[in-house]
Amino acid sequence: MMQARGRIRLYRTEGIVLRHLEYGEADRIVTMCTPDLGKVRVLAKGVRKPTSRKAGHLEPFTRVEVLLAKGHTWDIVTQAEAVQVFIRLREDLRLLAYAAHMAEMVDRFGSEGEADAPLYQLLSLSLSRLDAGDRPDLLTRFFDLHLLSLEGYQPELFRCVVCGKELTPADSFFSVERGGVLCPECGQGRDDVVPLPLGTFKLLRFLQRREYNEVKALDVRSSSLEAVGRLLDRYIAYHLESGLRSAKFLRQLQAQTDRSR
């Protein structure tokens, strides 16, 4: 909603804080995902001062309602009120790492200034499910595949990306460069593919096509999800032309968990 106050134009929006960057002596540049404006970067003046009333409302992974004033470089946060604070995500390092992965995915793939309500809803629901105790590795791979589909990077899992024929469940191959699965015949002997075992192939297709309530009910081994994760990390890194920092951190946490068992 726009309204005039002299030359200042104000508008209100809801958003989820993805990250922030310190700016000047007491300010922060806050990156948010919003339903009606896509990804936005706004300036929170004085938010690092001990007396700031906005500070606790603009922490990462907080769903917040903000009143913004149009500015020259960045729009300015004039009011901020938390709508949903995901407490568990701040208290558990492992959950924090998964939340950071989701936020980084939205930050890297989301478009600035373009309405993207489906992406916002996916992030909001995923953070809520993570905070509520849903299985984080399963939820995150569902999130990855559905974000890729929403943003136009959906990997092809149902037709061979070389010959175009419909794929049947079998040990196959995957090419990040070609954007999907190759049938056994087309993938054999190529150096630009990786093997795609049947179990990983079936899990990828299930995660991509099914609703979350069906996915949530899956009883799947951690090792199977790790295989899906490694493949998706390579696919995502190819399209972003760099790996995700959060993916590396998640791998380190997983290695620590494996060593402690």
# chains A, B, ... in the order shown; residues from 1 in each chain; ligands from 1
call {"tool": "residues_around", "arguments": {"residues": "Ser149 of chain A", "least_positions_apart": "4", "cutoff": "12 Å", "atoms": "only C-alpha atoms", "output": "PDB file with C-alpha atoms, in the first residue's frame"}}
result
ATOM      1  CA  PHE A 109      17.895 -18.010  -7.176  1.00  0.00           C
ATOM      2  CA  PRO A 118       4.955 -19.256  -4.592  1.00  0.00           C
ATOM      3  CA  LEU A 119       8.649 -18.973  -3.643  1.00  0.00           C
ATOM      4  CA  LEU A 122       7.628 -22.425  -0.081  1.00  0.00           C
ATOM      5  CA  PHE A 142      12.018 -31.519  -1.132  1.00  0.00           C
ATOM      6  CA  PHE A 143      12.590 -27.770  -0.779  1.00  0.00           C
ATOM      7  CA  ASP A 144      15.547 -27.796  -3.192  1.00  0.00           C
ATOM      8  CA  LEU A 145      13.703 -29.610  -5.955  1.00  0.00           C
ATOM      9  CA  TYR A 153      15.716 -24.906 -13.266  1.00  0.00           C
ATOM     10  CA  GLN A 154      13.758 -28.129 -12.861  1.00  0.00           C
ATOM     11  CA  PRO A 155      15.945 -31.131 -13.701  1.00  0.00           C
ATOM     12  CA  GLU A 156      14.415 -33.474 -16.279  1.00  0.00           C
ATOM     13  CA  LEU A 157      13.724 -36.791 -14.556  1.00  0.00           C
ATOM     14  CA  LEU A 207      10.478 -35.725  -4.186  1.00  0.00           C
ATOM     15  CA  GLN A 208       9.929 -33.704  -7.351  1.00  0.00           C
ATOM     16  CA  ARG A 209       6.384 -34.840  -8.155  1.00  0.00           C
TER      17      ARG A 209
END
call {"tool": "select_by_dssp", "arguments": {"residues": "segment 76-237 of chain A", "states": "strand (DSSP E or B)", "output": "short mmCIF file (atom, residue, chain, number, x, y, z; two decimals) with N, CA and C atoms, in the first residue's frame"}}
result
data_model
loop_
_atom_site.label_atom_id
_atom_site.label_comp_id
_atom_site.auth_asym_id
_atom_site.auth_seq_id
_atom_site.Cartn_x
_atom_site.Cartn_y
_atom_site.Cartn_z
N ILE A 76 14.10 2.30 3.06
CA ILE A 76 14.49 2.39 4.47
C ILE A 76 13.39 1.81 5.36
N VAL A 77 13.80 0.97 6.30
CA VAL A 77 12.87 0.38 7.25
C VAL A 77 12.50 1.44 8.28
N THR A 78 11.22 1.80 8.33
CA THR A 78 10.77 2.76 9.34
C THR A 78 10.08 2.06 10.50
N GLN A 79 9.48 0.90 10.24
CA GLN A 79 8.86 0.09 11.30
C GLN A 79 9.10 -1.37 10.97
N ALA A 80 9.21 -2.19 12.01
CA ALA A 80 9.37 -3.64 11.81
C ALA A 80 8.72 -4.37 12.98
N GLU A 81 7.90 -5.36 12.66
CA GLU A 81 7.24 -6.16 13.70
C GLU A 81 7.27 -7.63 13.30
N ALA A 82 7.88 -8.44 14.15
CA ALA A 82 7.97 -9.88 13.87
C ALA A 82 6.59 -10.50 13.85
N VAL A 83 6.34 -11.30 12.83
CA VAL A 83 5.09 -12.05 12.71
C VAL A 83 5.28 -13.48 13.19
N GLN A 84 6.44 -14.05 12.89
CA GLN A 84 6.75 -15.43 13.29
C GLN A 84 8.25 -15.54 13.53
N VAL A 85 8.60 -15.97 14.73
CA VAL A 85 10.01 -16.15 15.09
C VAL A 85 10.25 -17.65 15.28
N GLU A 112 15.13 -10.03 -7.86
CA GLU A 112 14.82 -8.78 -7.16
C GLU A 112 13.72 -8.02 -7.88
N GLU A 156 15.28 -32.54 -15.55
CA GLU A 156 14.41 -33.47 -16.28
C GLU A 156 14.65 -34.89 -15.76
N ARG A 159 12.12 -37.90 -18.94
CA ARG A 159 12.47 -38.21 -20.32
C ARG A 159 13.98 -38.04 -20.50
N GLU A 166 10.72 -41.73 -23.01
CA GLU A 166 10.28 -41.79 -21.62
C GLU A 166 11.17 -42.75 -20.84
N SER A 172 20.56 -45.47 -14.19
CA SER A 172 20.69 -44.56 -15.33
C SER A 172 21.89 -43.64 -15.11
N PHE A 173 21.87 -42.48 -15.77
CA PHE A 173 22.96 -41.52 -15.66
C PHE A 173 22.38 -40.12 -15.53
N PHE A 174 23.17 -39.22 -14.93
CA PHE A 174 22.71 -37.84 -14.76
C PHE A 174 23.79 -36.89 -15.28
N SER A 175 23.34 -35.86 -16.00
CA SER A 175 24.25 -34.84 -16.52
C SER A 175 23.80 -33.47 -16.03
N GLY A 180 19.60 -33.11 -16.68
CA GLY A 180 18.73 -34.20 -16.27
C GLY A 180 19.30 -35.58 -16.53
N VAL A 181 18.38 -36.53 -16.63
CA VAL A 181 18.73 -37.95 -16.68
C VAL A 181 18.89 -38.43 -18.12
N LEU A 182 19.88 -39.29 -18.31
CA LEU A 182 20.07 -39.99 -19.58
C LEU A 182 19.70 -41.45 -19.37
N VAL A 194 27.28 -38.74 -14.50
CA VAL A 194 27.58 -39.53 -13.31
C VAL A 194 26.53 -40.63 -13.21
N PRO A 195 26.90 -41.80 -12.68
CA PRO A 195 25.93 -42.87 -12.53
C PRO A 195 24.78 -42.44 -11.61
N LEU A 196 23.59 -42.87 -11.95
CA LEU A 196 22.40 -42.58 -11.15
C LEU A 196 21.75 -43.91 -10.77
#
call {"tool": "residues_around", "arguments": {"residues": "segment 45-55 of chain A", "least_positions_apart": "6", "cutoff": "7 Å", "atoms": "only C-alpha atoms", "output": "list in words"}}
result
Ala26, Asp27, Arg28 and Ala80 of chain A
call {"tool": "write_last_selection", "arguments": {"atoms": "C-alpha atoms", "output": "PDB file, in the first residue's frame"}}
result
ATOM      1  CA  ALA A  26      25.082   1.359  13.387  1.00  0.00           C
ATOM      2  CA  ASP A  27      23.096   0.334  10.290  1.00  0.00           C
ATOM      3  CA  ARG A  28      22.452  -2.910   8.438  1.00  0.00           C
ATOM      4  CA  ALA A  80       9.366  -3.641  11.814  1.00  0.00           C
TER       5      ALA A  80
END
call {"tool": "residues_around", "arguments": {"residues": "segment 235-247 of chain A", "least_positions_apart": "2", "cutoff": "12 Å", "atoms": "only C-alpha atoms", "output": "ChimeraX atom specification"}}
result
/A:94-110,137,140-141,144-145,147-148,151-156,174-181,193-194,226,228-233,249-254
call {"tool": "atom_distance", "arguments": {"atom1": "atom CA of Arg41 of chain A", "atom2": "atom CA of Leu21 of chain A"}}
result
10.1 Å
call {"tool": "closest_residue", "arguments": {"among": "A:Ala69, A:Gln121, A:Lys216, A:Gly164", "to": "Pro136 of chain A", "atoms": "only C-alpha atoms"}}
result
A:Lys216
call {"tool": "closest_residue", "arguments": {"among": "A:Tyr212, A:Phe86, A:Trp74, A:Tyr23", "to": "His57 of chain A", "atoms": "only C-alpha atoms"}}
result
A:Phe86
